[in-house]
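Data block for work.txt (compact mmCIF, C-alpha atoms (C1' of nucleotides)):
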```
# COMPACT_ATOMS: atom_id res chain seq x y z
CA MET A 1 251.69 182.78 86.04
CA THR A 2 252.80 185.83 87.94
CA GLU A 3 249.84 185.42 90.30
CA ARG A 4 250.41 189.03 91.24
CA SER A 5 248.17 190.69 88.76
CA TYR A 6 245.59 192.80 90.48
CA HIS A 7 242.95 190.46 89.21
CA HIS A 8 243.56 187.05 90.50
CA GLY A 9 242.01 185.16 87.63
CA ASP A 10 240.13 182.33 89.22
CA LEU A 11 239.95 183.28 92.83
CA ARG A 12 236.77 181.37 93.26
CA ARG A 13 238.51 178.06 92.72
CA VAL A 14 241.39 179.11 94.95
CA ILE A 15 239.01 180.04 97.75
CA ILE A 16 237.26 176.70 97.52
CA ASP A 17 240.52 174.78 97.44
CA THR A 18 241.90 176.73 100.37
CA THR A 19 238.76 176.12 102.37
CA LEU A 20 238.92 172.40 101.67
CA ARG A 21 242.55 172.36 102.73
CA MET A 22 241.70 174.20 105.93
CA LEU A 23 238.96 171.73 106.69
CA LYS A 24 241.39 168.87 106.26
CA GLU A 25 243.70 170.40 108.82
CA ASP A 26 240.63 170.21 111.01
CA GLY A 27 242.00 172.19 113.90
CA GLY A 28 238.86 171.78 115.88
CA TRP A 29 236.49 173.38 113.46
CA GLN A 30 237.70 176.89 113.40
CA PHE A 31 237.15 178.46 110.06
CA THR A 32 236.94 182.12 109.24
CA LEU A 33 236.43 183.88 105.97
CA ARG A 34 239.28 186.22 106.72
CA GLU A 35 241.68 183.39 107.27
CA VAL A 36 240.75 181.95 103.89
CA ALA A 37 241.39 185.31 102.29
CA ARG A 38 244.72 185.58 104.08
CA ARG A 39 245.88 182.19 102.87
CA ALA A 40 244.68 182.93 99.39
CA GLY A 41 246.72 186.11 99.52
CA VAL A 42 243.83 188.45 98.85
CA SER A 43 242.09 191.10 100.88
CA HIS A 44 239.53 190.14 103.49
CA ALA A 45 236.59 191.31 101.41
CA ALA A 46 237.60 189.64 98.16
CA PRO A 47 235.63 186.45 98.80
CA TYR A 48 232.44 188.51 98.78
CA LYS A 49 232.85 188.98 95.06
CA HIS A 50 232.35 185.24 94.62
CA PHE A 51 230.06 184.24 97.48
CA PRO A 52 227.26 186.32 98.94
CA ASP A 53 228.26 185.35 102.45
CA LYS A 54 230.02 182.79 104.57
CA ALA A 55 227.07 180.41 104.57
CA ALA A 56 227.05 180.32 100.79
CA LEU A 57 230.69 179.31 100.66
CA LEU A 58 230.13 176.62 103.25
CA SER A 59 227.13 175.30 101.33
CA GLU A 60 229.21 175.01 98.20
CA ILE A 61 231.89 173.16 100.14
CA ALA A 62 229.31 170.81 101.60
CA LEU A 63 227.98 170.02 98.15
CA ILE A 64 231.48 169.20 96.99
CA GLY A 65 231.70 166.92 100.00
CA PHE A 66 228.60 165.04 98.86
CA GLU A 67 230.04 164.65 95.41
CA ARG A 68 233.24 163.24 96.83
CA LEU A 69 231.31 160.89 99.03
CA GLN A 70 229.42 159.64 96.02
CA GLU A 71 232.68 159.10 94.15
CA ALA A 72 234.10 157.17 97.08
CA LEU A 73 231.05 154.92 97.29
CA LEU A 74 231.00 154.32 93.57
CA ALA A 75 234.69 153.52 93.50
CA ALA A 76 234.24 150.99 96.27
CA GLN A 77 231.26 149.45 94.53
CA VAL A 78 233.11 149.08 91.25
CA ALA A 79 236.17 147.63 92.92
CA ALA A 80 234.16 145.13 94.95
CA PRO A 81 234.00 141.51 93.85
CA ASP A 82 230.92 140.37 92.03
CA ASP A 83 229.14 139.35 95.19
CA LEU A 84 226.32 141.38 96.65
CA LEU A 85 227.25 140.77 100.25
CA ALA A 86 230.85 141.76 99.62
CA GLU A 87 229.62 144.82 97.80
CA PHE A 88 227.55 145.79 100.79
CA THR A 89 230.56 145.55 103.05
CA ALA A 90 232.69 147.49 100.61
CA ILE A 91 230.22 150.34 100.34
CA SER A 92 229.77 150.48 104.08
CA HIS A 93 233.47 150.65 104.73
CA ALA A 94 233.97 153.24 102.05
CA TYR A 95 231.39 155.40 103.78
CA LEU A 96 233.01 155.05 107.18
CA THR A 97 236.45 155.66 105.73
CA PHE A 98 235.28 158.81 104.03
CA GLY A 99 234.03 160.16 107.32
CA GLN A 100 237.20 159.24 109.11
CA ASN A 101 239.39 160.86 106.48
CA ASN A 102 237.40 164.08 106.28
CA PRO A 103 235.99 164.69 109.75
CA ALA A 104 235.49 168.43 109.49
CA LEU A 105 234.04 168.21 106.00
CA TYR A 106 231.68 165.45 107.07
CA ARG A 107 230.54 167.45 110.07
CA LEU A 108 229.94 170.40 107.82
CA MET A 109 227.77 168.28 105.56
CA PHE A 110 225.57 167.02 108.39
CA GLY A 111 226.30 169.07 111.45
CA GLY A 112 223.75 171.81 111.15
CA ALA A 113 226.40 174.52 110.87
CA ILE A 114 224.65 175.40 107.66
CA ALA A 115 221.35 177.19 107.96
CA ASP A 116 218.96 175.23 105.84
CA THR A 117 220.38 171.73 105.81
CA ALA A 118 217.20 170.30 104.36
CA LYS A 119 217.45 172.25 101.14
CA LEU A 120 221.12 171.41 100.88
CA HIS A 121 220.58 167.67 101.14
CA LEU A 122 217.85 167.74 98.55
CA GLU A 123 220.03 169.32 95.87
CA PRO A 124 220.70 166.97 92.98
CA ARG A 125 224.42 167.21 93.64
CA ALA A 126 223.83 165.86 97.14
CA LEU A 127 221.37 163.14 96.24
CA GLY A 128 223.82 161.15 94.16
CA ALA A 129 225.42 159.55 97.18
CA SER A 130 222.18 158.08 98.46
CA ARG A 131 221.41 156.82 94.96
CA VAL A 132 224.34 154.45 95.28
CA VAL A 133 222.74 152.84 98.31
CA ILE A 134 219.29 152.68 96.76
CA ASP A 135 220.72 151.13 93.62
CA PHE A 136 222.37 148.45 95.64
CA LEU A 137 219.19 147.62 97.53
CA GLU A 138 217.16 147.37 94.34
CA ARG A 139 219.61 144.98 92.79
CA GLY A 140 219.73 143.07 96.05
CA GLN A 141 215.98 142.64 96.09
CA ALA A 142 215.93 141.64 92.43
CA ALA A 143 218.55 139.00 93.15
CA GLY A 144 216.46 137.71 96.03
CA LEU A 145 219.12 138.48 98.58
CA VAL A 146 217.47 141.41 100.25
CA ARG A 147 214.05 141.12 101.82
CA LYS A 148 211.19 142.46 99.79
CA ARG A 149 210.35 145.59 101.75
CA PRO A 150 209.92 149.18 100.60
CA VAL A 151 213.34 150.22 99.39
CA GLN A 152 212.97 153.71 100.81
CA GLY A 153 212.67 152.33 104.30
CA GLN A 154 215.63 150.05 103.87
CA ALA A 155 217.65 152.88 102.42
CA THR A 156 216.73 155.02 105.39
CA ALA A 157 217.92 152.25 107.68
CA CYS A 158 221.21 151.94 105.83
CA TRP A 159 221.77 155.64 105.73
CA ALA A 160 220.95 156.09 109.37
CA GLN A 161 223.19 153.24 110.41
CA LEU A 162 226.15 154.43 108.36
CA HIS A 163 225.70 158.01 109.43
CA GLY A 164 225.30 157.05 113.06
CA LEU A 165 228.39 154.87 113.03
CA THR A 166 230.38 157.59 111.34
CA MET A 167 229.37 160.15 113.91
CA LEU A 168 230.14 157.84 116.81
CA GLN A 169 233.50 157.15 115.25
CA LEU A 170 234.19 160.86 114.76
CA ASP A 171 233.29 161.53 118.36
CA GLY A 172 235.82 158.93 119.42
CA LEU A 173 233.21 156.68 120.96
CA LEU A 174 234.16 153.50 119.17
CA MET A 175 237.44 152.88 120.92
CA PRO A 176 237.91 149.14 121.42
CA GLU A 177 238.31 149.41 125.17
CA LYS A 178 234.98 151.11 125.38
CA VAL A 179 232.86 149.19 122.99
CA GLY A 180 234.63 145.96 122.15
CA GLU A 181 237.16 145.04 119.55
CA ASN A 182 235.05 145.09 116.43
CA ALA A 183 231.86 146.85 117.34
CA VAL A 184 231.64 148.42 113.92
CA GLU A 185 231.66 145.05 112.22
CA ALA A 186 229.09 143.82 114.69
CA ALA A 187 226.85 146.79 114.05
CA LEU A 188 227.13 146.37 110.31
CA ALA A 189 226.36 142.68 110.75
CA ALA A 190 223.21 143.55 112.67
CA LEU A 191 222.11 145.82 109.87
CA ARG A 192 222.93 143.20 107.25
CA GLU A 193 220.97 140.57 109.13
CA GLY A 194 218.07 142.97 109.19
CA LEU A 195 218.21 143.48 105.44
CA VAL A 196 218.88 140.03 104.01
CA GLY A 197 216.12 137.56 104.47
CA MET B 1 212.89 188.35 146.17
CA THR B 2 213.95 191.80 145.06
CA GLU B 3 216.29 190.24 142.49
CA ARG B 4 218.05 193.59 142.43
CA SER B 5 220.66 193.01 145.03
CA TYR B 6 224.08 193.53 143.57
CA HIS B 7 224.79 189.89 144.09
CA HIS B 8 222.39 187.84 142.12
CA GLY B 9 222.33 184.84 144.39
CA ASP B 10 222.29 181.88 142.10
CA LEU B 11 223.23 183.29 138.77
CA ARG B 12 224.73 179.99 137.70
CA ARG B 13 221.35 178.32 137.65
CA VAL B 14 219.80 181.27 135.90
CA ILE B 15 222.46 181.21 133.20
CA ILE B 16 221.92 177.53 132.60
CA ASP B 17 218.17 177.90 132.49
CA THR B 18 218.38 180.85 130.14
CA THR B 19 220.72 178.96 127.85
CA LEU B 20 218.38 176.00 127.75
CA ARG B 21 215.50 178.30 126.94
CA MET B 22 217.47 179.93 124.16
CA LEU B 23 218.32 176.55 122.70
CA LYS B 24 214.67 175.63 122.69
CA GLU B 25 213.87 178.71 120.66
CA ASP B 26 216.36 177.24 118.24
CA GLY B 27 216.56 180.21 115.91
CA GLY B 28 219.05 178.50 113.69
CA TRP B 29 221.74 177.85 116.24
CA GLN B 30 222.79 181.30 117.18
CA PHE B 31 223.93 181.46 120.72
CA THR B 32 226.15 184.08 122.28
CA LEU B 33 227.36 184.47 125.81
CA ARG B 34 226.47 188.12 125.77
CA GLU B 35 222.90 187.40 124.79
CA VAL B 36 222.59 185.02 127.70
CA ALA B 37 223.90 187.69 130.04
CA ARG B 38 221.49 190.21 128.57
CA ARG B 39 218.49 187.95 129.08
CA ALA B 40 219.63 187.11 132.57
CA GLY B 41 219.83 190.84 133.27
CA VAL B 42 223.49 190.84 134.23
CA SER B 43 226.57 192.37 132.69
CA HIS B 44 228.29 190.69 129.80
CA ALA B 45 231.20 189.43 131.88
CA ALA B 46 229.19 188.03 134.74
CA PRO B 47 229.00 184.50 133.32
CA TYR B 48 232.77 184.27 133.58
CA LYS B 49 232.45 184.10 137.34
CA HIS B 50 230.67 180.79 136.95
CA PHE B 51 232.14 179.27 133.79
CA PRO B 52 235.73 179.56 132.62
CA ASP B 53 234.60 180.14 129.06
CA LYS B 54 231.85 179.59 126.53
CA ALA B 55 232.84 176.01 125.84
CA ALA B 56 232.55 175.13 129.50
CA LEU B 57 228.99 176.43 129.64
CA LEU B 58 228.08 174.53 126.52
CA SER B 59 229.62 171.35 127.91
CA GLU B 60 227.53 171.68 131.02
CA ILE B 61 224.43 172.18 128.90
CA ALA B 62 225.26 169.14 126.81
CA LEU B 63 225.64 167.02 129.92
CA ILE B 64 222.23 168.17 131.10
CA GLY B 65 220.95 167.12 127.71
CA PHE B 66 222.29 163.63 128.21
CA GLU B 67 220.65 163.43 131.61
CA ARG B 68 217.34 164.49 130.13
CA LEU B 69 217.70 161.97 127.35
CA GLN B 70 218.29 159.26 129.89
CA GLU B 71 215.21 160.35 131.83
CA ALA B 72 213.14 160.26 128.67
CA LEU B 73 214.33 156.78 127.78
CA LEU B 74 213.76 155.49 131.29
CA ALA B 75 210.30 156.98 131.43
CA ALA B 76 209.39 155.30 128.18
CA GLN B 77 210.78 152.01 129.35
CA VAL B 78 208.86 152.10 132.59
CA ALA B 79 205.63 153.10 130.88
CA ALA B 80 205.96 150.39 128.25
CA PRO B 81 203.91 147.19 128.56
CA ASP B 82 205.63 144.13 129.90
CA ASP B 83 206.71 142.98 126.48
CA LEU B 84 210.27 143.25 125.26
CA LEU B 85 209.39 144.07 121.69
CA ALA B 86 207.00 146.78 122.77
CA GLU B 87 209.66 148.08 125.10
CA PHE B 88 212.11 148.29 122.22
CA THR B 89 209.66 150.31 120.18
CA ALA B 90 208.90 152.56 123.11
CA ILE B 91 212.55 153.33 123.80
CA SER B 92 213.24 153.96 120.14
CA HIS B 93 210.38 156.38 119.79
CA ALA B 94 211.31 158.14 122.98
CA TYR B 95 214.77 158.70 121.58
CA LEU B 96 213.48 160.09 118.31
CA THR B 97 210.95 162.26 120.08
CA PHE B 98 213.62 163.71 122.31
CA GLY B 99 215.65 164.72 119.30
CA GLN B 100 212.65 166.22 117.59
CA ASN B 101 211.64 168.21 120.64
CA ASN B 102 215.12 169.53 121.37
CA PRO B 103 216.84 169.93 118.03
CA ALA B 104 219.41 172.53 119.03
CA LEU B 105 220.23 170.78 122.28
CA TYR B 106 220.59 167.47 120.49
CA ARG B 107 222.90 169.01 117.92
CA LEU B 108 224.95 170.51 120.69
CA MET B 109 225.31 167.09 122.29
CA PHE B 110 226.55 165.43 119.12
CA GLY B 111 227.36 168.12 116.64
CA GLY B 112 231.00 168.72 117.35
CA ALA B 113 230.43 172.33 118.36
CA ILE B 114 232.11 171.33 121.58
CA ALA B 115 235.85 170.89 121.43
CA ASP B 116 236.49 167.49 122.94
CA THR B 117 233.32 165.56 122.31
CA ALA B 118 234.97 162.30 123.22
CA LYS B 119 235.68 163.30 126.79
CA LEU B 120 232.19 164.71 127.10
CA HIS B 121 230.47 161.52 126.01
CA LEU B 122 232.55 159.42 128.38
CA GLU B 123 231.51 161.38 131.46
CA PRO B 124 229.41 159.32 133.84
CA ARG B 125 226.58 161.80 133.48
CA ALA B 126 226.52 161.15 129.74
CA LEU B 127 226.88 157.38 129.90
CA GLY B 128 223.57 156.82 131.67
CA ALA B 129 221.58 157.12 128.49
CA SER B 130 223.43 154.35 126.73
CA ARG B 131 223.07 152.18 129.80
CA VAL B 132 219.35 152.08 129.20
CA VAL B 133 219.92 150.52 125.80
CA ILE B 134 222.53 148.07 127.05
CA ASP B 135 220.25 147.01 129.88
CA PHE B 136 217.49 146.29 127.45
CA LEU B 137 219.73 144.20 125.21
CA GLU B 138 221.03 142.14 128.13
CA ARG B 139 217.54 141.35 129.31
CA GLY B 140 216.54 140.59 125.76
CA GLN B 141 219.35 138.11 125.37
CA ALA B 142 218.58 136.52 128.71
CA ALA B 143 214.96 136.09 127.67
CA GLY B 144 216.09 134.48 124.43
CA LEU B 145 214.55 137.16 122.28
CA VAL B 146 217.71 138.88 121.16
CA ARG B 147 220.43 136.99 119.32
CA LYS B 148 223.39 135.97 121.39
CA ARG B 149 226.02 138.35 120.09
CA PRO B 150 228.38 140.70 121.92
CA VAL B 151 226.10 143.23 123.56
CA GLN B 152 228.53 146.07 122.88
CA GLY B 153 228.22 145.54 119.16
CA GLN B 154 224.46 145.38 119.30
CA ALA B 155 224.36 148.47 121.45
CA THR B 156 226.54 150.25 118.93
CA ALA B 157 224.15 149.22 116.19
CA CYS B 158 221.15 150.50 118.14
CA TRP B 159 222.84 153.73 119.06
CA ALA B 160 224.02 154.36 115.53
CA GLN B 161 220.61 153.65 114.08
CA LEU B 162 218.77 155.86 116.55
CA HIS B 163 221.28 158.64 116.22
CA GLY B 164 221.29 158.42 112.46
CA LEU B 165 217.51 158.50 112.24
CA THR B 166 217.37 161.44 114.60
CA MET B 167 219.85 163.42 112.55
CA LEU B 168 218.07 162.64 109.29
CA GLN B 169 214.85 163.73 110.91
CA LEU B 170 216.40 166.93 112.22
CA ASP B 171 217.77 167.71 108.79
CA GLY B 172 214.27 167.34 107.37
CA LEU B 173 215.21 164.40 105.21
CA LEU B 174 212.48 162.06 106.36
CA MET B 175 209.58 163.84 104.76
CA PRO B 176 207.03 161.29 103.55
CA GLU B 177 207.09 162.53 99.96
CA LYS B 178 210.81 161.98 99.84
CA VAL B 179 211.26 158.72 101.65
CA GLY B 180 207.91 157.04 101.91
CA GLU B 181 205.15 157.24 104.43
CA ASN B 182 206.67 155.36 107.32
CA ALA B 183 210.35 155.10 106.59
CA VAL B 184 211.20 155.49 110.24
CA GLU B 185 209.11 152.49 111.20
CA ALA B 186 210.65 150.54 108.36
CA ALA B 187 214.16 151.45 109.45
CA LEU B 188 213.41 150.49 113.03
CA ALA B 189 211.94 147.24 111.78
CA ALA B 190 215.13 146.49 109.88
CA LEU B 191 217.14 147.07 113.02
CA ARG B 192 214.79 144.91 115.06
CA GLU B 193 214.98 142.11 112.56
CA GLY B 194 218.72 142.32 112.80
CA LEU B 195 218.66 142.01 116.57
CA VAL B 196 216.02 139.40 117.30
CA GLY B 197 216.89 135.96 116.15
C1' DA C 1 240.13 205.05 72.52
C1' DA C 2 236.22 205.36 75.74
C1' DC C 3 232.80 202.92 78.47
C1' DT C 4 231.11 199.34 81.15
C1' DT C 5 231.50 195.85 84.18
C1' DA C 6 233.69 192.23 86.83
C1' DT C 7 237.01 191.81 90.29
C1' DG C 8 239.95 193.36 93.84
C1' DT C 9 241.35 196.75 97.96
C1' DA C 10 240.81 199.83 102.01
C1' DG C 11 238.36 201.25 105.63
C1' DA C 12 234.54 201.33 108.65
C1' DC C 13 230.86 199.31 111.86
C1' DA C 14 228.55 196.42 115.08
C1' DT C 15 229.19 192.21 117.54
C1' DT C 16 231.59 188.70 119.88
C1' DG C 17 234.78 186.13 123.36
C1' DT C 18 237.83 187.23 126.80
C1' DC C 19 240.74 189.73 130.09
C1' DA C 20 242.03 193.17 133.71
C1' DA C 21 240.81 196.59 137.07
C1' DC C 22 237.38 198.26 139.95
C1' DT C 23 233.04 197.83 143.17
C1' DT C 24 229.90 195.77 146.19
C1' DC C 25 228.57 192.97 149.77
C1' DA C 26 228.25 188.81 152.90
C1' DG C 27 230.37 186.32 156.67
C1' DG C 28 233.81 185.17 160.16
C1' DG C 29 237.41 186.54 163.68
C1' DC C 30 238.40 190.11 166.91
C1' DG D 1 230.01 196.28 166.50
C1' DC D 2 234.07 196.60 163.32
C1' DC D 3 237.40 195.02 159.70
C1' DC D 4 238.78 192.55 156.14
C1' DT D 5 239.03 188.96 152.97
C1' DG D 6 237.25 186.96 149.09
C1' DA D 7 233.33 185.73 146.10
C1' DA D 8 230.25 187.70 142.75
C1' DG D 9 229.13 191.62 139.46
C1' DT D 10 230.33 195.74 136.70
C1' DT D 11 232.80 198.61 133.43
C1' DG D 12 235.90 199.24 129.94
C1' DA D 13 239.16 197.63 126.91
C1' DC D 14 241.26 194.51 123.14
C1' DA D 15 241.66 191.77 119.07
C1' DA D 16 239.06 189.24 115.75
C1' DT D 17 235.16 188.40 112.82
C1' DG D 18 231.25 188.98 109.24
C1' DT D 19 229.61 192.27 106.36
C1' DC D 20 228.83 196.80 104.09
C1' DT D 21 230.24 200.96 101.33
C1' DA D 22 233.35 203.61 98.67
C1' DC D 23 237.11 203.45 95.78
C1' DA D 24 240.75 201.36 92.38
C1' DT D 25 242.11 198.53 88.64
C1' DA D 26 241.94 195.65 84.89
C1' DA D 27 239.57 193.17 80.92
C1' DG D 28 236.47 193.35 77.17
C1' DT D 29 233.21 195.43 74.12
C1' DT D 30 231.93 198.66 71.03
```

How would this structure read if it were set down as structure tokens?
Amino acid sequence: MTERSYHHGDLRRVIIDTTLRMLKEDGGWQFTLREVARRAGVSHAAPYKHFPDKAALLSEIALIGFERLQEALLAAQVAAPDDLLAEFTAISHAYLTFGQNNPALYRLMFGGAIADTAKLHLEPRALGASRVVIDFLERGQAAGLVRKRPVQGQATACWAQLHGLTMLQLDGLLMPEKVGENAVEAALAALREGLVG
Amino acid sequence: MTERSYHHGDLRRVIIDTTLRMLKEDGGWQFTLREVARRAGVSHAAPYKHFPDKAALLSEIALIGFERLQEALLAAQVAAPDDLLAEFTAISHAYLTFGQNNPALYRLMFGGAIADTAKLHLEPRALGASRVVIDFLERGQAAGLVRKRPVQGQATACWAQLHGLTMLQLDGLLMPEKVGENAVEAALAALREGLVG
DNA sequence: AACTTATGTAGACATTGTCAACTTCAGGGC
DNA sequence: GCCCTGAAGTTGACAATGTCTACATAAGTT
């Protein structure tokens, strides 16, 4: 409880939490290891006892981001009415909302700030999110709603569309005066019309 | 010719060219002002006589990237056969190819490494690229090929899909063993089927 | 109680972005 | 031809960062 014992106890968790909090403040994507240490109240080299280097910490954070994204998608799916089209909309919006609520984290997950993004995205912890989409497509095809095409391709289309929309939104390029009142809905509609036969 | 006069002459151009060359080497997105100066053979502070700071140089580079993207799209459009569907495919592939050939530059354009991405993307020099897509959609609607929907929404859908695919590709997530042999084609097909009515 | 090991601290180093003060040189008004 | 003003480059400094090494402290094991 004192928090002032020489040994912090679970500094690792504190570092991760602090980093997540810093990312939420956004602040234009400035993030330094030393600042994390400062906020955690430890010396600037302490994080190195828990992460080999800055990239490792960021990778861990990104993986947590993927897990949270998966949770968000699953929650939306569960809460959606028992209608496949409505479910599609719910999942899509959950994805976009996640990006909007965690801009810096989302950018970290996809932005290439991490060295080997490929390996990161292929980790089991990161793959869960895309499983939600694939699941949906498989059920959609089984129900005869979604066109019978290779699911992988359709999933790629969904993923690309959602990711693209999220990035455009993050970059502030979806302002109504620039792109129409409900361009997002229109774009999602175009995707939907491409999927359902 | 001597290149050794105290005053370099057109250092600004040299700095830009060197930066572009460095971005092409990729090297995992390391880029420092001082390295540029070193390669250009000038002192480490010389770039400051031409750019107020690092961000300004990067913004300029990003704008050049948008111009090149526009050129690539236009070239593909012109070279395409006189068939709207073929033109669509040509433009799409040109976009993806651009991203694949200039990964670091592409990431710079969209990756949020630049402070105010919104302002950047709204510059006239950056808007040209999206004009190519909008043009295509308008002609497509006029010809009765593309569904009569708000063009802005359709353009958003196209842009999101192309951008999303490019990013997935850059992150190495479109490997055949992971996502099927021709997932890109399938994704583009889904988009096309959503656009043409 | 002594040893080992995980965890934290202090200090150093090279590198970076940026600024201020100095130097060089090209061009225009006399 | 000279001067002198200002643009373009240079040198040197500063604070901050990522990372390493050496040291200190605590927790557990034997």

Within 9 Å of (224.8, 157.2, 109.8), all atoms listed in the file: residues as a PDB file with C-alpha atoms, in the coordinates of the input?
```
ATOM      1  CA  LEU A  96     233.010 155.050 107.180  1.00  0.00           C
ATOM      2  CA  ALA A 157     217.920 152.250 107.680  1.00  0.00           C
ATOM      3  CA  CYS A 158     221.210 151.940 105.830  1.00  0.00           C
ATOM      4  CA  TRP A 159     221.770 155.640 105.730  1.00  0.00           C
ATOM      5  CA  ALA A 160     220.950 156.090 109.370  1.00  0.00           C
ATOM      6  CA  GLN A 161     223.190 153.240 110.410  1.00  0.00           C
ATOM      7  CA  LEU A 162     226.150 154.430 108.360  1.00  0.00           C
ATOM      8  CA  HIS A 163     225.700 158.010 109.430  1.00  0.00           C
ATOM      9  CA  GLY A 164     225.300 157.050 113.060  1.00  0.00           C
ATOM     10  CA  LEU A 165     228.390 154.870 113.030  1.00  0.00           C
ATOM     11  CA  THR A 166     230.380 157.590 111.340  1.00  0.00           C
ATOM     12  CA  MET A 167     229.370 160.150 113.910  1.00  0.00           C
ATOM     13  CA  LEU A 168     230.140 157.840 116.810  1.00  0.00           C
TER      14      LEU A 168
ATOM     15  CA  ALA B 160     224.020 154.360 115.530  1.00  0.00           C
ATOM     16  CA  GLN B 161     220.610 153.650 114.080  1.00  0.00           C
ATOM     17  CA  HIS B 163     221.280 158.640 116.220  1.00  0.00           C
ATOM     18  CA  GLY B 164     221.290 158.420 112.460  1.00  0.00           C
ATOM     19  CA  LEU B 165     217.510 158.500 112.240  1.00  0.00           C
ATOM     20  CA  MET B 167     219.850 163.420 112.550  1.00  0.00           C
ATOM     21  CA  LEU B 168     218.070 162.640 109.290  1.00  0.00           C
TER      22      LEU B 168
END
```

Taking only C-alpha atoms (C1' of nucleotides) into account, what are the residues of chain D at most 9 Å from chain A, put as a ChimeraX atom specification? /D:17-19,25-26

Contacts from chain A to chain C, 10 Å maximum, all atoms listed in the file: show me the residue list as a short mmCIF file (atom, residue, chain, number, x, y, z; two decimals) with C-alpha atoms, keeping the file's coordinate frame.
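Wrote out07.cif, looks like this:
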```
data_model
loop_
_atom_site.label_atom_id
_atom_site.label_comp_id
_atom_site.auth_asym_id
_atom_site.auth_seq_id
_atom_site.Cartn_x
_atom_site.Cartn_y
_atom_site.Cartn_z
CA TYR A 6 245.59 192.80 90.48
CA HIS A 7 242.95 190.46 89.21
CA HIS A 8 243.56 187.05 90.50
CA GLY A 9 242.01 185.16 87.63
CA LEU A 11 239.95 183.28 92.83
CA VAL A 42 243.83 188.45 98.85
CA SER A 43 242.09 191.10 100.88
CA HIS A 44 239.53 190.14 103.49
CA ALA A 45 236.59 191.31 101.41
CA ALA A 46 237.60 189.64 98.16
CA PRO A 47 235.63 186.45 98.80
CA LYS A 49 232.85 188.98 95.06
CA HIS A 50 232.35 185.24 94.62
#
```

Pro81 (chain A): which residues within 12 Å, counting all atoms listed in the file, same-chain residues fewer than 6 positions away excluded, as a ChimeraX atom specification? /A:87-91

Dump as an MDAnalysis selection string the residues of chain A that approach chain B to within 7 Å, counting only C-alpha atoms. chainID A and resid 28 111 115 117:118 152:154 156:157 160:161 163:165 171:173 179:180 183:184 186:187 190:191 193:195

A straight line from CA of Ala75 (chain A) to CA of Arg12 (chain A) spans 27.9 Å

Given 6 Å of margin on each side, can you work out the centre and size in Å (one decimal) of an axis-aligned box holding every listed atom of region 7-15 of chain D, as JSON?
```
{"center_x": 235.4, "center_y": 192.5, "center_z": 132.6, "size_x": 24.5, "size_y": 25.5, "size_z": 39.0}
```

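Candidate residues B:Ile15, B:Arg21, B:Arg38, B:Phe66 were compared for distance to Pro124 (chain B), and the nearest is B:Phe66, using only C-alpha atoms.
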
Grab the CA of Ser59 (chain A) to CA of Ala56 (chain B) distance for me, in Å with one decimal place. 28.7 Å

Please report the interatomic distance between CA of Gly65 (chain A) and CA of Ala79 (chain A) in Å with one decimal.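 Going from CA of Gly65 (chain A) over to CA of Ala79 (chain A), I get 21.0 Å.
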
Identify, on the basis of all atoms listed in the file, every residue whose closest approach to region 61-64 of chain A does not exceed 9 Å; exclude the query and any residue fewer than 3 positions from it along the same chain; express the result as a list in words. Ile16, Thr19, Leu20, Ala56, Leu57, Leu58, Glu67, Arg68, Leu69, Leu105, Tyr106, Leu108, Met109, Phe110, Ile114, Leu120, His121, Glu123, Arg125 and Ala126 of chain A

Can you give me N, CA and C atoms for region 76-84 of chain A, written as a PDB file, in the coordinates of the input?
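Okay, this is what ended up in rebuild14.pdb:
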```
ATOM      1  N   ALA A  76     234.228 152.215  95.482  1.00  0.00           N
ATOM      2  CA  ALA A  76     234.240 150.990  96.270  1.00  0.00           C
ATOM      3  C   ALA A  76     233.336 149.941  95.631  1.00  0.00           C
ATOM      4  N   GLN A  77     232.209 150.378  95.142  1.00  0.00           N
ATOM      5  CA  GLN A  77     231.260 149.450  94.530  1.00  0.00           C
ATOM      6  C   GLN A  77     231.872 148.794  93.293  1.00  0.00           C
ATOM      7  N   VAL A  78     232.503 149.611  92.480  1.00  0.00           N
ATOM      8  CA  VAL A  78     233.110 149.080  91.250  1.00  0.00           C
ATOM      9  C   VAL A  78     234.227 148.107  91.582  1.00  0.00           C
ATOM     10  N   ALA A  79     235.012 148.462  92.600  1.00  0.00           N
ATOM     11  CA  ALA A  79     236.170 147.630  92.920  1.00  0.00           C
ATOM     12  C   ALA A  79     235.776 146.346  93.641  1.00  0.00           C
ATOM     13  N   ALA A  80     234.556 146.299  94.159  1.00  0.00           N
ATOM     14  CA  ALA A  80     234.160 145.130  94.950  1.00  0.00           C
ATOM     15  C   ALA A  80     233.985 143.911  94.052  1.00  0.00           C
ATOM     16  N   PRO A  81     234.225 142.729  94.625  1.00  0.00           N
ATOM     17  CA  PRO A  81     234.000 141.510  93.850  1.00  0.00           C
ATOM     18  C   PRO A  81     232.532 141.361  93.478  1.00  0.00           C
ATOM     19  N   ASP A  82     232.270 140.504  92.581  1.00  0.00           N
ATOM     20  CA  ASP A  82     230.920 140.370  92.030  1.00  0.00           C
ATOM     21  C   ASP A  82     230.039 139.559  92.974  1.00  0.00           C
ATOM     22  N   ASP A  83     229.899 140.073  94.159  1.00  0.00           N
ATOM     23  CA  ASP A  83     229.140 139.350  95.190  1.00  0.00           C
ATOM     24  C   ASP A  83     228.405 140.414  95.987  1.00  0.00           C
ATOM     25  N   LEU A  84     227.110 140.297  96.066  1.00  0.00           N
ATOM     26  CA  LEU A  84     226.320 141.380  96.650  1.00  0.00           C
ATOM     27  C   LEU A  84     226.685 141.644  98.106  1.00  0.00           C
TER      28      LEU A  84
END
```
